[in-house]
Each structure stands twice: as structure tokens, then as C-alpha cells.
Amino acid sequence: MIGTSLGKMPTRRGLVTIVIGLVLTAMAVSARGAMAALALPMWFVIGWLVAWIWETSSDRKSGPSPSRFARPSGSPGLRTTLRQDPNAHFVTDSRGFLFRRRFWFEGTGCPPVRIPLQEYRDLQSRQARDPVMVAAAGARRYWWWEDSFWWENQGYESLDVKALVSRSRRQSQRTLQHAHALLAGEKIRARDPIPEDVRRYIWKRDRGQCQQCGATELLQYDHIIPWSMGGSNTVENLSLLCAECNRLKGDAI
Ligand SMILES: [Zn+2]
């Protein structure tokens, strides 16, 4: 046991073991003469035990007090969610064994969770490539990717998180581009109503079905080239889509 502590010198536990072992040996020798040195291994075992108890108890010392946002959220919530967590971050303190630095993760609805140093370093290097799970609290799991944090409640895998976060980034980029275009004074044409005879023609041609999935409910006249991009109310530019397919198409543009 001393060997494993000493192997990774200088560990704090190894140092404490050596110091206590040497002090006890010196005390024994001065009290009872050189023969006491024969009990040498015993003094070091005692030293190791003291170090172990000391380390265990000081590592149990409480961490940073939770921030307001870190209070566990009441209900787990049934909604499918993946959300960026701008509050999430790591906190460190030096209150571990012999002032050892300790790392804690804290997120929205997640009180500080201790992350061992080695694990912290490992996560830190891996998050540059792929989302890594840092902690879990209640139904939420917290992910770290490219220096931002996200939580989800669906038990996603790293790849799922990657796909969803990428999509959400693309969407906000599009929204931003659109906003800039508006600001630049690009005129959005007012929509002309689709003439009745065109509607009737489309309905008949598309057999009253969504042209994507075949649904016959909640149908809408969809502009293949969107109206906002110059598409017109001609039969070539119109088709029937159900509300869901239309929404998905809107997301994809
Ligand atoms: Zn459809």
C-alpha cells in the first residue's frame, strides 16, 4: 500500500506517510534504543493509515455553496428538451487534502458535483471534439461541447447531442441572417392570395394529399420557391403539404 502511494511521488498521501513514519521511528528509537527501529514497517503502516483517514475526511469537506440557479428543478418535466445552459461552469477550491485543488461542476438545476482532477482533464480534452457528459441531476444530464454546456432529459448519446446542437446552431444562424437581411432594408413582399382556380387545380392534381407523406389532413398550399424568395402563385410553384411537412420544410431552408 505504501508502495502505490510512493510510486506516484510526490503524492500528498505518500508524503504524509513518510513524515509520520520517520517521526514515529525517531521517537521510538530515542525512547527505547536502536532495537525499536526493527518495528520500522509498523510505523509506516500507522503513518499510511493516518494519511488515509486524513485524506478521506478532508475530501468529504463540503464544496462550494450552490448558486441560486443550481437548485434542483421541481418537476422532471415531460417535454423533450435539449437546452444550452449559460449558467453551467466549473468551480475550483483548494480545500481538499493538504490544500489540494478540487473541481466542481455546477449547472442550472444541478448543485455542485465533484469531478476528480484526472477526470476533469480527460473531459476537457475530449469536449473539444465530441460532446461529453459531465454530470446528472434528477432527469437532467449535462453535456460539455466546444466550451459550452447543454442539458437534456432524454438520455441522449454523445452523437445525438452533437446532431441536435448542430441543428440548433444552424437555425439560429439562419434567423440571424434573416434579421440582418431585414435590417438591410430587403423588402418582404406582401403575400398575394392564391387565386381560387389555381387552388382547385392544385387540389385536383395533388389528389387532396400531402405530396411528402400522403396525409389528407391539415393540408396547406406550399410555395415550392418560398414567396419571400420571389416564388409566385403559379401552378408550377405550388403543391399540397400537410402542416407538419410544411413546418419541416421551413426548418430545412
Ligand atoms: Zn405531410
# chains A, B, ... in the order shown; residues from 1 in each chain; ligands from 1

$ residues_near_ligand --ligand "ligand 1" --cutoff "10 Å" --atoms "only C-alpha atoms and all ligand atoms" --output "ChimeraX atom specification"
/A:209-220,240-248

$ write_last_selection --atoms "C-alpha atoms" --output "compact mmCIF listing (two decimals), in the first residue's frame"
# COMPACT_ATOMS: atom_id res chain seq x y z
CA GLN A 209 -52.90 14.60 -50.35
CA CYS A 210 -49.69 15.83 -48.78
CA GLN A 211 -47.07 15.45 -51.50
CA GLN A 212 -44.49 14.37 -48.93
CA CYS A 213 -46.25 11.88 -46.71
CA GLY A 214 -49.69 11.35 -48.20
CA ALA A 215 -51.61 12.78 -45.23
CA THR A 216 -55.08 14.09 -46.04
CA GLU A 217 -55.50 16.38 -43.05
CA LEU A 218 -54.30 19.89 -42.22
CA LEU A 219 -53.27 20.46 -45.83
CA GLN A 220 -51.70 23.70 -46.94
CA LEU A 240 -50.11 20.43 -51.23
CA LEU A 241 -48.27 19.75 -47.99
CA CYS A 242 -49.60 18.84 -44.58
CA ALA A 243 -48.84 21.28 -41.77
CA GLU A 244 -46.12 19.05 -40.31
CA CYS A 245 -44.25 18.54 -43.60
CA ASN A 246 -44.54 22.24 -44.34
CA ARG A 247 -43.03 23.08 -40.98
CA LEU A 248 -40.15 20.64 -41.51

$ select_by_dssp --residues "range 10-232 of chain A" --states "strand (DSSP E or B)" --output "ChimeraX atom specification"
/A:82-84,89-93,102-107,110-115,132-137,140-145,148-152,219-223

$ write_last_selection --atoms "N, CA and C atoms" --output "short mmCIF file (atom, residue, chain, number, x, y, z; two decimals), in the first residue's frame"
data_model
loop_
_atom_site.label_atom_id
_atom_site.label_comp_id
_atom_site.auth_asym_id
_atom_site.auth_seq_id
_atom_site.Cartn_x
_atom_site.Cartn_y
_atom_site.Cartn_z
N LEU A 82 -33.48 19.77 -25.17
CA LEU A 82 -32.03 19.91 -25.15
C LEU A 82 -31.82 21.41 -25.13
N ARG A 83 -31.19 21.89 -24.10
CA ARG A 83 -31.08 23.33 -23.97
C ARG A 83 -29.67 23.76 -23.61
N GLN A 84 -29.26 24.87 -24.17
CA GLN A 84 -27.96 25.40 -23.76
C GLN A 84 -28.08 25.90 -22.33
N HIS A 89 -20.89 25.88 -15.31
CA HIS A 89 -19.46 26.18 -15.29
C HIS A 89 -18.77 25.29 -14.24
N PHE A 90 -17.45 25.35 -14.25
CA PHE A 90 -16.68 24.65 -13.23
C PHE A 90 -16.22 25.64 -12.17
N VAL A 91 -16.20 25.17 -10.93
CA VAL A 91 -15.70 25.96 -9.83
C VAL A 91 -14.54 25.18 -9.21
N THR A 92 -13.54 25.87 -8.72
CA THR A 92 -12.48 25.15 -8.01
C THR A 92 -12.35 25.71 -6.61
N ASP A 93 -11.86 24.86 -5.72
CA ASP A 93 -11.47 25.36 -4.40
C ASP A 93 -10.20 24.61 -4.00
N ARG A 102 -9.73 21.17 -5.89
CA ARG A 102 -10.87 20.31 -6.24
C ARG A 102 -11.70 21.01 -7.31
N PHE A 103 -12.25 20.22 -8.23
CA PHE A 103 -13.08 20.77 -9.30
C PHE A 103 -14.53 20.36 -9.10
N TRP A 104 -15.41 21.31 -9.32
CA TRP A 104 -16.85 21.06 -9.17
C TRP A 104 -17.55 21.56 -10.41
N PHE A 105 -18.54 20.78 -10.84
CA PHE A 105 -19.39 21.25 -11.92
C PHE A 105 -20.71 21.72 -11.33
N GLU A 106 -21.18 22.85 -11.84
CA GLU A 106 -22.46 23.37 -11.37
C GLU A 106 -23.25 23.82 -12.60
N GLY A 107 -24.53 23.45 -12.66
CA GLY A 107 -25.35 23.86 -13.79
C GLY A 107 -26.74 24.28 -13.33
N CYS A 110 -28.55 21.90 -11.12
CA CYS A 110 -27.55 20.90 -10.72
C CYS A 110 -26.58 21.50 -9.71
N PRO A 111 -26.77 21.18 -8.42
CA PRO A 111 -25.85 21.68 -7.40
C PRO A 111 -24.44 21.13 -7.66
N PRO A 112 -23.41 21.77 -7.11
CA PRO A 112 -22.03 21.38 -7.42
C PRO A 112 -21.77 19.88 -7.27
N VAL A 113 -21.17 19.30 -8.29
CA VAL A 113 -20.81 17.88 -8.31
C VAL A 113 -19.29 17.80 -8.41
N ARG A 114 -18.67 17.03 -7.53
CA ARG A 114 -17.20 16.92 -7.54
C ARG A 114 -16.74 16.13 -8.74
N ILE A 115 -15.77 16.67 -9.48
CA ILE A 115 -15.18 15.97 -10.62
C ILE A 115 -13.70 15.76 -10.29
N VAL A 132 -19.35 15.60 -24.25
CA VAL A 132 -19.12 14.64 -23.17
C VAL A 132 -20.07 14.94 -22.02
N MET A 133 -20.56 13.87 -21.37
CA MET A 133 -21.46 14.07 -20.26
C MET A 133 -20.64 14.39 -19.01
N VAL A 134 -21.03 15.46 -18.33
CA VAL A 134 -20.25 15.91 -17.18
C VAL A 134 -20.90 15.48 -15.87
N ALA A 135 -22.23 15.60 -15.81
CA ALA A 135 -22.93 15.31 -14.56
C ALA A 135 -24.39 15.01 -14.85
N ALA A 136 -25.07 14.48 -13.85
CA ALA A 136 -26.51 14.25 -13.96
C ALA A 136 -27.15 14.72 -12.68
N ALA A 137 -28.34 15.30 -12.80
CA ALA A 137 -29.09 15.70 -11.61
C ALA A 137 -30.56 15.50 -11.93
N ARG A 140 -32.09 15.35 -15.55
CA ARG A 140 -31.24 16.09 -16.49
C ARG A 140 -29.82 15.55 -16.54
N ARG A 141 -29.28 15.58 -17.74
CA ARG A 141 -27.89 15.23 -17.91
C ARG A 141 -27.19 16.40 -18.58
N TYR A 142 -25.99 16.69 -18.12
CA TYR A 142 -25.29 17.90 -18.55
C TYR A 142 -24.13 17.53 -19.46
N TRP A 143 -24.11 18.21 -20.61
CA TRP A 143 -23.10 17.92 -21.62
C TRP A 143 -22.21 19.11 -21.85
N TRP A 144 -20.98 18.82 -22.23
CA TRP A 144 -19.97 19.85 -22.46
C TRP A 144 -19.46 19.64 -23.86
N TRP A 145 -19.52 20.66 -24.69
CA TRP A 145 -19.02 20.54 -26.05
C TRP A 145 -18.56 21.89 -26.55
N SER A 148 -19.13 25.03 -24.53
CA SER A 148 -20.43 25.42 -23.98
C SER A 148 -21.10 24.20 -23.37
N PHE A 149 -22.10 24.50 -22.53
CA PHE A 149 -22.78 23.44 -21.80
C PHE A 149 -24.24 23.35 -22.23
N TRP A 150 -24.75 22.13 -22.20
CA TRP A 150 -26.13 21.87 -22.58
C TRP A 150 -26.69 20.86 -21.61
N TRP A 151 -27.99 20.93 -21.35
CA TRP A 151 -28.59 19.82 -20.61
C TRP A 151 -29.73 19.24 -21.42
N GLU A 152 -30.03 17.96 -21.16
CA GLU A 152 -31.14 17.29 -21.86
C GLU A 152 -31.77 16.32 -20.88
N LEU A 219 -54.04 20.19 -44.61
CA LEU A 219 -53.27 20.46 -45.83
C LEU A 219 -53.12 21.96 -46.06
N GLN A 220 -51.97 22.30 -46.64
CA GLN A 220 -51.70 23.70 -46.94
C GLN A 220 -51.14 23.82 -48.35
N TYR A 221 -51.37 24.97 -48.98
CA TYR A 221 -50.76 25.23 -50.29
C TYR A 221 -49.35 25.74 -50.04
N ASP A 222 -48.39 24.96 -50.49
CA ASP A 222 -47.00 25.32 -50.20
C ASP A 222 -46.34 25.90 -51.44
N HIS A 223 -45.66 27.03 -51.26
CA HIS A 223 -44.86 27.59 -52.35
C HIS A 223 -43.53 26.85 -52.41
#

$ residues_around --residues "Arg199 in chain A" --least-positions-apart "5" --cutoff "10 Å" --atoms "only C-alpha atoms" --output "list in words"
Ile194, Lys204, Arg205, Tyr221, Asn233, Thr234, Val235, Leu238, Ser239 and Leu240 of chain A

$ atom_distance --atom1 "CA of Arg191 in chain A" --atom2 "CA of Ser232 in chain A"
9.3 Å

$ residues_around --residues "Val50 in chain A" --least-positions-apart "6" --cutoff "12 Å" --atoms "only C-alpha atoms" --output "JSON, numbers by chain"
{"A": [13, 14, 15, 16, 17, 18, 19, 20, 21, 43, 44, 56, 57]}

$ atom_distance --atom1 "CA of Ala31 in chain A" --atom2 "CA of Arg12 in chain A"
28.5 Å

$ select_by_dssp --residues "range 71-123 of chain A" --states "helix (DSSP H, G or I)" --output "list in words"
Phe97, Leu98, Phe99, Leu117, Gln118, Glu119, Tyr120, Arg121, Asp122 and Leu123 of chain A

$ decode --residues "range 180-207 of chain A" --atoms "N, CA and C atoms" --output "short mmCIF file (atom, residue, chain, number, x, y, z; two decimals), in the first residue's frame"
data_model
loop_
_atom_site.label_atom_id
_atom_site.label_comp_id
_atom_site.auth_asym_id
_atom_site.auth_seq_id
_atom_site.Cartn_x
_atom_site.Cartn_y
_atom_site.Cartn_z
N HIS A 180 -30.64 40.21 -40.32
CA HIS A 180 -29.74 41.17 -40.96
C HIS A 180 -30.27 41.61 -42.32
N ALA A 181 -30.83 40.65 -43.06
CA ALA A 181 -31.40 40.98 -44.36
C ALA A 181 -32.52 41.99 -44.20
N LEU A 182 -33.36 41.78 -43.18
CA LEU A 182 -34.46 42.71 -42.92
C LEU A 182 -33.92 44.10 -42.60
N LEU A 183 -32.89 44.09 -41.77
CA LEU A 183 -32.31 45.35 -41.34
C LEU A 183 -31.72 46.10 -42.53
N ALA A 184 -31.16 45.33 -43.45
CA ALA A 184 -30.52 45.94 -44.63
C ALA A 184 -31.57 46.51 -45.58
N GLY A 185 -32.83 46.37 -45.21
CA GLY A 185 -33.89 47.01 -45.98
C GLY A 185 -34.45 46.13 -47.09
N GLU A 186 -34.11 44.83 -47.06
CA GLU A 186 -34.66 43.94 -48.05
C GLU A 186 -36.17 43.89 -47.83
N LYS A 187 -36.90 44.18 -48.90
CA LYS A 187 -38.35 44.23 -48.74
C LYS A 187 -38.94 42.83 -48.74
N ILE A 188 -39.84 42.58 -47.81
CA ILE A 188 -40.56 41.33 -47.81
C ILE A 188 -41.88 41.61 -48.53
N ARG A 189 -42.11 40.92 -49.64
CA ARG A 189 -43.32 41.18 -50.42
C ARG A 189 -44.55 40.77 -49.62
N ALA A 190 -45.58 41.55 -49.71
CA ALA A 190 -46.83 41.12 -49.11
C ALA A 190 -47.35 39.95 -49.92
N ARG A 191 -47.91 38.97 -49.25
CA ARG A 191 -48.36 37.77 -49.91
C ARG A 191 -49.67 38.01 -50.66
N ASP A 192 -49.71 37.69 -51.93
CA ASP A 192 -50.98 37.75 -52.67
C ASP A 192 -51.75 36.47 -52.40
N PRO A 193 -53.08 36.57 -52.29
CA PRO A 193 -53.85 35.33 -52.11
C PRO A 193 -53.75 34.46 -53.36
N ILE A 194 -53.78 33.14 -53.17
CA ILE A 194 -53.72 32.23 -54.32
C ILE A 194 -55.10 32.21 -54.98
N PRO A 195 -55.17 32.49 -56.28
CA PRO A 195 -56.48 32.54 -56.96
C PRO A 195 -57.24 31.22 -56.80
N GLU A 196 -58.55 31.35 -56.75
CA GLU A 196 -59.41 30.19 -56.49
C GLU A 196 -59.23 29.09 -57.53
N ASP A 197 -59.12 29.47 -58.84
CA ASP A 197 -58.99 28.42 -59.87
C ASP A 197 -57.66 27.69 -59.75
N VAL A 198 -56.61 28.40 -59.32
CA VAL A 198 -55.31 27.75 -59.11
C VAL A 198 -55.42 26.74 -57.95
N ARG A 199 -56.08 27.17 -56.86
CA ARG A 199 -56.28 26.28 -55.71
C ARG A 199 -56.98 24.99 -56.14
N ARG A 200 -58.07 25.16 -56.90
CA ARG A 200 -58.85 23.99 -57.31
C ARG A 200 -58.00 23.05 -58.16
N TYR A 201 -57.21 23.65 -59.05
CA TYR A 201 -56.37 22.86 -59.94
C TYR A 201 -55.34 22.04 -59.14
N ILE A 202 -54.68 22.72 -58.19
CA ILE A 202 -53.65 22.06 -57.37
C ILE A 202 -54.27 20.91 -56.58
N TRP A 203 -55.43 21.19 -55.98
CA TRP A 203 -56.08 20.18 -55.13
C TRP A 203 -56.34 18.92 -55.92
N LYS A 204 -56.84 19.13 -57.16
CA LYS A 204 -57.17 18.01 -58.02
C LYS A 204 -55.89 17.27 -58.45
N ARG A 205 -54.93 18.07 -58.90
CA ARG A 205 -53.67 17.48 -59.38
C ARG A 205 -52.99 16.67 -58.28
N ASP A 206 -52.97 17.18 -57.05
CA ASP A 206 -52.29 16.51 -55.94
C ASP A 206 -53.21 15.55 -55.19
N ARG A 207 -54.40 15.33 -55.72
CA ARG A 207 -55.38 14.37 -55.20
C ARG A 207 -55.69 14.58 -53.71
#
